[in-house]
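See below for my_file.csv, which holds CSV, C-alpha atoms.
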```
chain,number,residue,atom,x,y,z
A,1,MET,CA,24.7,-12.9,11.4
A,2,ALA,CA,27.7,-15.1,12.4
A,3,GLN,CA,29.9,-13.6,9.8
A,4,ILE,CA,32.3,-10.6,10.4
A,5,LEU,CA,30.5,-7.5,9.2
A,6,ASN,CA,32.1,-5.3,6.6
A,7,ARG,CA,30.4,-2.6,4.7
A,8,ASP,CA,29.2,-4.9,1.9
A,9,THR,CA,27.8,-7.6,4.2
A,10,ALA,CA,26.2,-4.9,6.4
A,11,LEU,CA,24.6,-3.5,3.3
A,12,PHE,CA,23.3,-6.9,2.4
A,13,HIS,CA,21.7,-7.3,5.8
A,14,PHE,CA,20.4,-3.7,5.7
A,15,LEU,CA,18.7,-4.3,2.3
A,16,THR,CA,17.3,-7.7,3.4
A,17,ARG,CA,15.7,-6.2,6.4
A,18,ILE,CA,13.8,-3.7,4.4
A,19,GLY,CA,13.0,-6.3,1.7
A,20,ASP,CA,11.8,-8.9,4.2
A,21,SER,CA,9.5,-6.4,5.9
A,22,THR,CA,7.9,-5.3,2.7
A,23,LEU,CA,7.7,-9.0,1.6
A,24,ILE,CA,6.0,-10.3,4.8
A,25,LEU,CA,3.7,-7.3,5.0
A,26,GLY,CA,2.8,-7.6,1.3
A,27,HIS,CA,2.0,-11.3,1.8
A,28,ARG,CA,0.0,-10.6,5.0
A,29,VAL,CA,-2.0,-7.9,3.2
A,30,SER,CA,-2.5,-10.2,0.2
A,31,GLU,CA,-4.3,-12.7,2.5
A,32,TRP,CA,-7.2,-10.3,2.4
A,33,CYS,CA,-7.7,-10.8,-1.4
A,34,GLY,CA,-11.2,-12.0,-1.9
A,35,HIS,CA,-12.1,-11.6,1.8
A,36,SER,CA,-12.3,-7.8,2.3
A,37,PRO,CA,-15.4,-6.2,3.8
A,38,MET,CA,-16.3,-4.7,0.4
A,39,LEU,CA,-15.1,-4.9,-3.2
A,40,GLU,CA,-13.5,-1.4,-3.1
A,41,GLU,CA,-11.5,-2.3,-0.1
A,42,ASP,CA,-10.5,-5.6,-1.6
A,43,ILE,CA,-9.0,-3.8,-4.6
A,44,ALA,CA,-7.3,-1.2,-2.4
A,45,LEU,CA,-5.7,-3.8,-0.2
A,46,ALA,CA,-4.6,-5.9,-3.2
A,47,ASN,CA,-3.0,-2.7,-4.6
A,48,THR,CA,-1.2,-2.1,-1.3
A,49,ALA,CA,0.1,-5.7,-1.3
A,50,LEU,CA,1.2,-5.4,-4.9
A,51,ASP,CA,3.1,-2.2,-4.2
A,52,LEU,CA,4.9,-3.9,-1.3
A,53,ILE,CA,5.8,-7.0,-3.3
A,54,GLY,CA,7.0,-4.6,-6.0
A,55,HIS,CA,9.3,-2.9,-3.5
A,56,THR,CA,10.4,-6.3,-2.3
A,57,ARG,CA,11.6,-7.3,-5.8
A,58,MET,CA,13.8,-4.2,-5.9
A,59,TRP,CA,15.2,-4.5,-2.3
A,60,LEU,CA,15.8,-8.2,-2.4
A,61,GLY,CA,17.1,-8.0,-5.9
A,62,LEU,CA,19.6,-5.5,-4.9
A,63,ALA,CA,20.5,-7.5,-1.7
A,64,ALA,CA,21.2,-10.5,-3.9
A,65,GLU,CA,23.3,-8.4,-6.2
A,66,VAL,CA,25.3,-6.9,-3.3
A,67,GLU,CA,25.8,-10.4,-1.8
A,68,GLY,CA,27.3,-11.6,-5.1
A,69,LYS,CA,26.7,-15.3,-4.5
A,70,GLY,CA,24.4,-15.8,-7.5
A,71,ARG,CA,21.2,-15.8,-5.5
A,72,SER,CA,18.1,-14.0,-6.9
A,73,ALA,CA,15.3,-12.1,-5.2
A,74,ASP,CA,13.2,-15.2,-5.6
A,75,ASP,CA,15.8,-17.3,-3.9
A,76,LEU,CA,15.9,-15.0,-0.9
A,77,ALA,CA,12.1,-14.9,-0.7
A,78,PHE,CA,11.3,-18.5,-1.2
A,79,LEU,CA,14.3,-20.5,-0.1
A,80,ARG,CA,15.3,-19.0,3.3
A,81,ASP,CA,14.1,-20.3,6.6
A,82,SER,CA,12.5,-18.1,9.3
A,83,MET,CA,15.7,-17.6,11.3
A,84,ASP,CA,17.2,-16.0,8.1
A,85,PHE,CA,14.3,-13.6,7.7
A,86,THR,CA,15.0,-10.2,9.3
A,87,ASN,CA,11.7,-8.5,8.9
A,88,LEU,CA,10.2,-6.4,11.7
A,89,LEU,CA,8.0,-8.3,14.2
A,90,LEU,CA,5.2,-5.9,13.5
A,91,VAL,CA,4.6,-7.0,9.9
A,92,GLU,CA,4.3,-10.7,10.7
A,93,GLN,CA,1.5,-10.2,13.2
A,94,PRO,CA,-1.8,-11.7,12.1
A,95,ASN,CA,-4.3,-9.7,10.1
A,96,GLY,CA,-6.9,-10.0,12.8
A,97,ASP,CA,-10.0,-8.1,11.8
A,98,PHE,CA,-10.0,-5.4,9.1
A,99,GLY,CA,-9.3,-2.7,11.7
A,100,GLN,CA,-6.3,-4.5,13.1
A,101,THR,CA,-4.9,-4.8,9.6
A,102,MET,CA,-5.3,-1.1,9.0
A,103,MET,CA,-3.8,-0.3,12.4
A,104,ARG,CA,-0.7,-2.5,11.6
A,105,GLN,CA,-0.5,-0.8,8.2
A,106,LEU,CA,-0.6,2.7,9.7
A,107,LEU,CA,2.0,1.9,12.4
A,108,PHE,CA,4.3,0.5,9.6
A,109,ASP,CA,3.6,3.2,6.9
A,110,ALA,CA,4.3,6.0,9.3
A,111,TRP,CA,7.8,4.5,9.8
A,112,HIS,CA,8.2,3.4,6.2
A,113,LEU,CA,7.7,6.8,4.6
A,114,PRO,CA,10.3,8.8,6.6
A,115,TYR,CA,12.6,5.8,6.4
A,116,LEU,CA,12.5,5.9,2.6
A,117,ASN,CA,12.7,9.6,2.6
A,118,ALA,CA,16.0,9.3,4.5
A,119,LEU,CA,17.3,6.7,2.1
A,120,LYS,CA,16.8,9.0,-0.9
A,121,SER,CA,20.1,10.6,0.1
A,122,PHE,CA,21.9,7.3,0.6
A,123,PRO,CA,25.3,7.5,-1.2
A,124,ASP,CA,24.7,4.3,-3.2
A,125,PRO,CA,22.5,5.5,-6.1
A,126,ARG,CA,20.9,2.0,-6.4
A,127,VAL,CA,19.5,2.4,-2.8
A,128,ALA,CA,18.5,6.0,-3.3
A,129,GLY,CA,16.8,5.1,-6.6
A,130,ILE,CA,14.6,2.4,-5.0
A,131,ALA,CA,13.7,4.7,-2.2
A,132,GLU,CA,12.7,7.4,-4.7
A,133,LYS,CA,10.4,5.1,-6.6
A,134,ALA,CA,8.8,3.5,-3.5
A,135,THR,CA,8.2,6.8,-1.7
A,136,LYS,CA,5.3,7.9,-4.0
A,137,GLU,CA,3.3,4.7,-3.3
A,138,VAL,CA,4.1,4.7,0.4
A,139,ALA,CA,2.9,8.3,0.7
A,140,TYR,CA,-0.5,7.1,-0.5
A,141,HIS,CA,-0.4,4.1,1.9
A,142,VAL,CA,0.0,6.5,4.9
A,143,ASP,CA,-2.8,8.7,3.6
A,144,ARG,CA,-5.2,5.8,3.2
A,145,ALA,CA,-4.3,4.0,6.4
A,146,ALA,CA,-4.6,7.1,8.5
A,147,ASP,CA,-8.0,7.9,7.0
A,148,LEU,CA,-9.4,4.5,7.8
A,149,VAL,CA,-7.9,4.4,11.3
A,150,VAL,CA,-9.6,7.8,12.0
A,151,ARG,CA,-12.9,6.6,10.6
A,152,LEU,CA,-12.9,3.4,12.5
A,153,GLY,CA,-11.4,4.8,15.7
A,154,ASP,CA,-13.9,7.6,15.7
A,155,GLY,CA,-16.7,5.5,14.4
A,156,THR,CA,-19.1,3.3,16.4
A,157,HIS,CA,-18.6,2.0,19.9
A,158,GLU,CA,-17.8,-1.4,18.4
A,159,SER,CA,-15.3,-0.1,15.9
A,160,HIS,CA,-13.6,2.1,18.5
A,161,THR,CA,-13.3,-0.8,20.9
A,162,ARG,CA,-11.7,-2.9,18.2
A,163,MET,CA,-9.3,-0.2,17.1
A,164,GLN,CA,-8.1,0.4,20.6
A,165,ALA,CA,-7.6,-3.3,21.1
A,166,ALA,CA,-5.6,-3.5,17.9
A,167,LEU,CA,-3.4,-0.6,19.0
A,168,ASP,CA,-2.8,-2.1,22.4
A,169,GLU,CA,-2.0,-5.5,20.8
A,170,LEU,CA,0.5,-4.1,18.2
A,171,TRP,CA,2.1,-1.3,20.3
A,172,PRO,CA,4.9,-3.5,21.8
A,173,CYS,CA,6.1,-4.1,18.2
A,174,VAL,CA,6.6,-0.4,17.6
A,175,GLY,CA,9.9,0.1,19.4
A,176,GLU,CA,11.8,-2.4,17.2
A,177,MET,CA,11.3,0.0,14.2
A,178,PHE,CA,13.6,2.5,15.9
A,179,SER,CA,16.2,0.2,17.2
A,180,THR,CA,19.7,0.0,15.7
A,181,ASP,CA,22.5,-2.5,15.9
A,182,GLU,CA,25.9,-3.2,14.4
A,183,VAL,CA,24.5,-3.3,10.9
A,184,ASP,CA,23.3,0.3,11.1
A,185,ALA,CA,26.5,1.3,12.9
A,186,MET,CA,28.6,-0.1,10.0
A,187,LEU,CA,26.6,2.0,7.5
A,188,ALA,CA,26.6,5.1,9.7
A,189,PRO,CA,26.4,8.0,8.9
A,190,ASP,CA,24.3,6.9,5.8
A,191,ALA,CA,21.7,4.7,7.6
A,192,PRO,CA,18.5,6.6,8.6
A,193,LYS,CA,18.8,8.2,12.0
A,194,PRO,CA,16.3,6.5,14.4
A,195,ASP,CA,15.6,9.6,16.4
A,196,ARG,CA,14.6,11.5,13.2
A,197,ILE,CA,12.5,8.6,12.0
A,198,ARG,CA,10.8,8.4,15.4
A,199,ASP,CA,10.1,12.2,15.3
A,200,ALA,CA,8.5,11.9,11.9
A,201,TRP,CA,6.6,8.8,13.0
A,202,ASP,CA,5.3,10.6,16.1
A,203,ALA,CA,4.3,13.6,14.0
A,204,THR,CA,2.0,11.3,11.9
A,205,ILE,CA,0.8,8.8,14.5
A,206,LEU,CA,0.0,11.0,17.5
A,207,PRO,CA,-2.3,13.5,15.8
A,208,THR,CA,-3.9,10.6,13.8
A,209,LEU,CA,-4.6,8.6,17.0
A,210,ALA,CA,-6.0,11.8,18.6
A,211,ARG,CA,-8.4,12.3,15.7
A,212,ALA,CA,-9.3,8.7,16.0
A,213,THR,CA,-10.1,9.2,19.7
A,214,LEU,CA,-7.6,6.4,20.5
A,215,ALA,CA,-5.4,6.4,23.6
A,216,VAL,CA,-1.7,5.9,23.2
A,217,PRO,CA,-0.9,2.7,25.2
A,218,ALA,CA,1.0,3.4,28.4
A,219,THR,CA,3.3,0.3,28.2
A,220,ARG,CA,7.0,0.8,27.5
A,221,PHE,CA,7.4,-2.9,26.8
A,222,THR,CA,9.1,-3.5,23.5
A,223,ARG,CA,9.4,-6.7,21.7
A,224,GLN,CA,12.5,-7.1,19.6
A,225,GLY,CA,14.3,-9.8,17.6
A,226,GLY,CA,12.8,-9.7,14.1
A,227,LYS,CA,15.8,-7.9,12.7
A,228,THR,CA,18.1,-10.6,13.9
A,229,GLY,CA,15.9,-13.6,12.9
A,230,ARG,CA,14.2,-14.2,16.3
A,231,HIS,CA,10.6,-14.2,15.3
A,232,SER,CA,7.2,-14.8,16.8
A,233,GLU,CA,5.4,-18.1,16.0
A,234,HIS,CA,3.5,-16.4,13.2
A,235,LEU,CA,6.3,-16.1,10.7
A,236,GLY,CA,6.6,-19.8,10.4
A,237,HIS,CA,3.0,-20.1,9.3
A,238,VAL,CA,3.4,-17.3,6.8
A,239,LEU,CA,6.4,-18.9,5.3
A,240,ALA,CA,4.8,-22.4,5.2
A,241,GLN,CA,2.1,-20.9,3.0
A,242,MET,CA,4.2,-18.5,1.0
A,243,GLN,CA,7.1,-20.9,0.3
A,244,PHE,CA,5.0,-24.1,-0.1
A,245,LEU,CA,5.2,-24.3,-3.9
A,246,GLN,CA,9.0,-23.8,-4.1
A,247,ARG,CA,9.6,-26.3,-1.3
A,248,ALA,CA,7.3,-29.0,-2.7
A,249,TYR,CA,8.4,-28.4,-6.4
A,250,PRO,CA,11.9,-27.0,-6.2
A,251,GLY,CA,12.6,-24.7,-9.2
A,252,ALA,CA,9.0,-24.7,-10.4
A,253,THR,CA,8.3,-21.8,-12.8
A,254,TRP,CA,5.3,-20.7,-14.7
B,255,MET,CA,-24.0,-3.5,5.4
B,256,SER,CA,-22.9,-2.8,1.9
B,257,THR,CA,-26.4,-1.8,0.9
B,258,GLU,CA,-26.2,1.2,3.3
B,259,ILE,CA,-23.1,2.6,1.6
B,260,PRO,CA,-24.0,5.0,-1.1
B,261,LEU,CA,-23.0,4.6,-4.8
B,262,TRP,CA,-20.9,7.2,-6.6
B,263,GLU,CA,-20.4,7.8,-10.3
B,264,ILE,CA,-16.7,8.2,-11.2
B,265,PHE,CA,-15.3,10.5,-13.8
B,266,ILE,CA,-11.6,10.5,-14.8
B,267,ARG,CA,-9.7,13.0,-16.9
B,268,SER,CA,-7.1,11.1,-18.8
B,269,ALA,CA,-4.9,14.1,-19.8
B,270,HIS,CA,-4.8,17.8,-19.4
B,271,GLY,CA,-7.1,19.5,-21.9
B,272,MET,CA,-9.4,16.4,-22.2
B,273,SER,CA,-12.8,16.2,-20.6
B,274,HIS,CA,-13.6,14.0,-17.6
B,275,ARG,CA,-15.2,10.8,-18.8
B,276,HIS,CA,-17.5,8.5,-17.0
B,277,VAL,CA,-15.6,5.3,-16.1
B,278,GLY,CA,-17.9,3.5,-13.8
B,279,SER,CA,-19.4,3.5,-10.3
B,280,LEU,CA,-18.4,2.4,-6.8
B,281,HIS,CA,-19.4,2.4,-3.2
B,282,ALA,CA,-18.1,4.8,-0.5
B,283,PRO,CA,-19.4,6.4,2.6
B,284,ASP,CA,-18.5,9.9,1.6
B,285,ALA,CA,-16.9,11.9,-1.2
B,286,GLY,CA,-13.3,11.8,0.2
B,287,MET,CA,-13.4,8.0,0.4
B,288,ALA,CA,-15.0,7.8,-3.1
B,289,ILE,CA,-12.0,9.7,-4.4
B,290,ARG,CA,-9.6,7.2,-2.7
B,291,ASN,CA,-11.6,4.2,-3.9
B,292,ALA,CA,-11.6,5.6,-7.4
B,293,ARG,CA,-7.9,6.0,-7.3
B,294,ASP,CA,-7.5,2.4,-6.3
B,295,VAL,CA,-10.1,1.0,-8.6
B,296,TYR,CA,-9.5,3.1,-11.8
B,297,CYS,CA,-6.1,4.7,-11.6
B,298,ARG,CA,-3.6,1.9,-11.2
B,299,ARG,CA,-2.3,2.2,-14.7
B,300,LYS,CA,-1.8,6.0,-15.2
B,301,GLU,CA,-5.4,6.3,-16.5
B,302,GLY,CA,-5.9,9.8,-15.2
B,303,VAL,CA,-4.7,13.2,-13.9
B,304,SER,CA,-8.0,14.2,-12.2
B,305,ILE,CA,-11.0,12.4,-10.6
B,306,TRP,CA,-14.5,13.7,-10.1
B,307,VAL,CA,-17.0,11.8,-8.0
B,308,ILE,CA,-20.8,12.5,-8.1
B,309,PRO,CA,-23.3,10.8,-5.8
B,310,THR,CA,-25.3,8.5,-8.0
B,311,ALA,CA,-28.5,9.7,-6.2
B,312,GLN,CA,-27.8,13.2,-7.6
B,313,VAL,CA,-27.9,12.0,-11.2
B,314,THR,CA,-31.1,12.7,-13.0
B,315,ALA,CA,-31.5,10.3,-15.9
B,316,SER,CA,-33.8,10.5,-18.9
B,317,ASP,CA,-36.8,8.2,-18.9
B,318,PRO,CA,-36.1,5.1,-21.0
B,319,GLY,CA,-39.8,4.9,-21.8
B,320,ARG,CA,-39.6,8.3,-23.5
B,321,LYS,CA,-36.9,7.1,-25.8
B,322,ASP,CA,-38.9,7.6,-29.0
B,323,ALA,CA,-39.9,11.2,-28.3
B,324,LEU,CA,-36.5,12.2,-27.1
B,325,PHE,CA,-34.2,10.5,-29.6
B,326,ASP,CA,-36.0,8.8,-32.5
B,327,ALA,CA,-37.1,12.2,-33.9
B,328,ALA,CA,-33.5,12.6,-35.1
B,329,ASP,CA,-33.6,9.4,-37.2
B,330,SER,CA,-32.8,9.8,-40.9
B,331,LYS,CA,-31.6,13.4,-40.5
B,332,PRO,CA,-27.9,12.8,-41.3
B,333,TYR,CA,-27.7,16.3,-42.8
B,334,ARG,CA,-27.7,17.6,-39.2
B,335,HIS,CA,-24.1,16.4,-38.9
B,336,PRO,CA,-21.8,19.1,-40.2
B,337,THR,CA,-20.1,16.6,-42.5
B,338,PHE,CA,-21.3,18.0,-45.8
B,339,PHE,CA,-19.2,21.1,-45.7
B,340,ASP,CA,-15.8,21.4,-47.3
B,341,ILE,CA,-13.3,22.6,-44.8
B,342,PRO,CA,-10.8,25.1,-46.2
B,343,GLU,CA,-7.3,23.8,-45.8
B,344,ASP,CA,-6.3,26.9,-44.0
B,345,ALA,CA,-8.6,25.9,-41.1
B,346,GLY,CA,-6.4,23.0,-40.2
B,347,PRO,CA,-7.6,19.9,-38.4
B,348,MET,CA,-11.1,20.4,-36.9
```
Reformat the file's structure so that it appears as structure tokens.
Amino acid sequence: MAQILNRDTALFHFLTRIGDSTLILGHRVSEWCGHSPMLEEDIALANTALDLIGHTRMWLGLAAEVEGKGRSADDLAFLRDSMDFTNLLLVEQPNGDFGQTMMRQLLFDAWHLPYLNALKSFPDPRVAGIAEKATKEVAYHVDRAADLVVRLGDGTHESHTRMQAALDELWPCVGEMFSTDEVDAMLAPDAPKPDRIRDAWDATILPTLARATLAVPATRFTRQGGKTGRHSEHLGHVLAQMQFLQRAYPGATW
Amino acid sequence: MSTEIPLWEIFIRSAHGMSHRHVGSLHAPDAGMAIRNARDVYCRRKEGVSIWVIPTAQVTASDPGRKDALFDAADSKPYRHPTFFDIPEDAGPM
């Protein structure tokens, strides 16, 4: 983000952040395809991944349009390096076991839904339109992830232990979702208000964790950096797999 | 593990005013999750407006060995179909 921010470049970064988060999470979830605990879950996870990739096409497509340099959504997804990716650290975290994947999903979904709801009143109708479309799918994602987290948290001793471990592992990635910087400031007052998003997030997460008999981690430690391109080691591995074809065979289509 | 998870028969209503139709079966630990799974397995392409799930164990099926007595007695009795009546035009589509 070396360039001087104006409203257009800020909007580009803003859109890329959302699109990168849905892209990387979509890719992560797609890694389950063919490996889920049961066929029904395999289909449900693939559906979630496809929903997120569908959102990505819209967000990165609009980002490319706003940028106006002739790049496409595919160019942004497959030809940028990790330092240019601005997804949340949460979504690049490894799948772990099925429980950890669902915990990551819930923590993200509970942010994603109020964030999209806030974007429905964004003054640029292209942004509001995408938010409107994506909200319906994401409302189901929250519903499904919360259900599974409760079942697994309040399940057997084994499943409870794994879910608590997943929550403890992922918790430091939560704070970044509610952080703001000069990109959001440039778009104020139209960008979603972090306090309101956090309130909505708490209203979903806290009762769900209580029903799941899981303890909210005490740590206040927050990992940040994803939104400005400083990632964990995991993103490089995700990109190496996701971008391999375009890197090895530039411009390949099928 | 998967053998312990019960099977459910899934019925989807494709539009208001239509009947629910059997579309297949899937595994789920309880009815709520059967509905969710049915949504994911069978409703990705606007197939339905309503889902019913029935535990497969609750379905009583006719005995395949009694096929003759149950069904074959209706062989060569096409007159039982009400297709031999002239429908008055006033009745409209039936």
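The gap separating CA of Leu15 (chain A) from CA of Ala131 (chain A) is 11.2 Å, in Å to one decimal.
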Chain B residues near chain A (12 Å cut-off, all atoms listed in the file) as a PyMOL selection string
chain B and resi 255-259+261-262+279-284+286-299
List as an NGL selection string the residues having at least one atom at most 7 Å from position (13.6, -9.7, 5.5) as given in the file, counting all atoms listed in the file.
:A and (16-21 or 85-87)
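Residues with any atom within 7 Å of Ile197 (chain A), counting only C-alpha atoms and excluding same-chain neighbours fewer than 5 positions away, are Trp111, Pro114 and Tyr115 of chain A.
With distances restricted to all atoms listed in the file, A:Met103 is the closest residue to Thr208 (chain A) from A:Ala128, A:Ala188, A:Leu170, A:Met103.
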Coordinates-based distance that separates CA of Pro217 (chain A) from CA of Leu167 (chain A) (Å, one decimal):
7.5 Å
Surrounding residues of Phe265 (chain B) excluding itself and chain neighbours under 6 positions, 6 Å, only C-alpha atoms, as a ChimeraX atom specification:
/B:274-277,305-306
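Going from CA of Lys120 (chain A) over to CA of Thr180 (chain A), you cover 19.1 Å.
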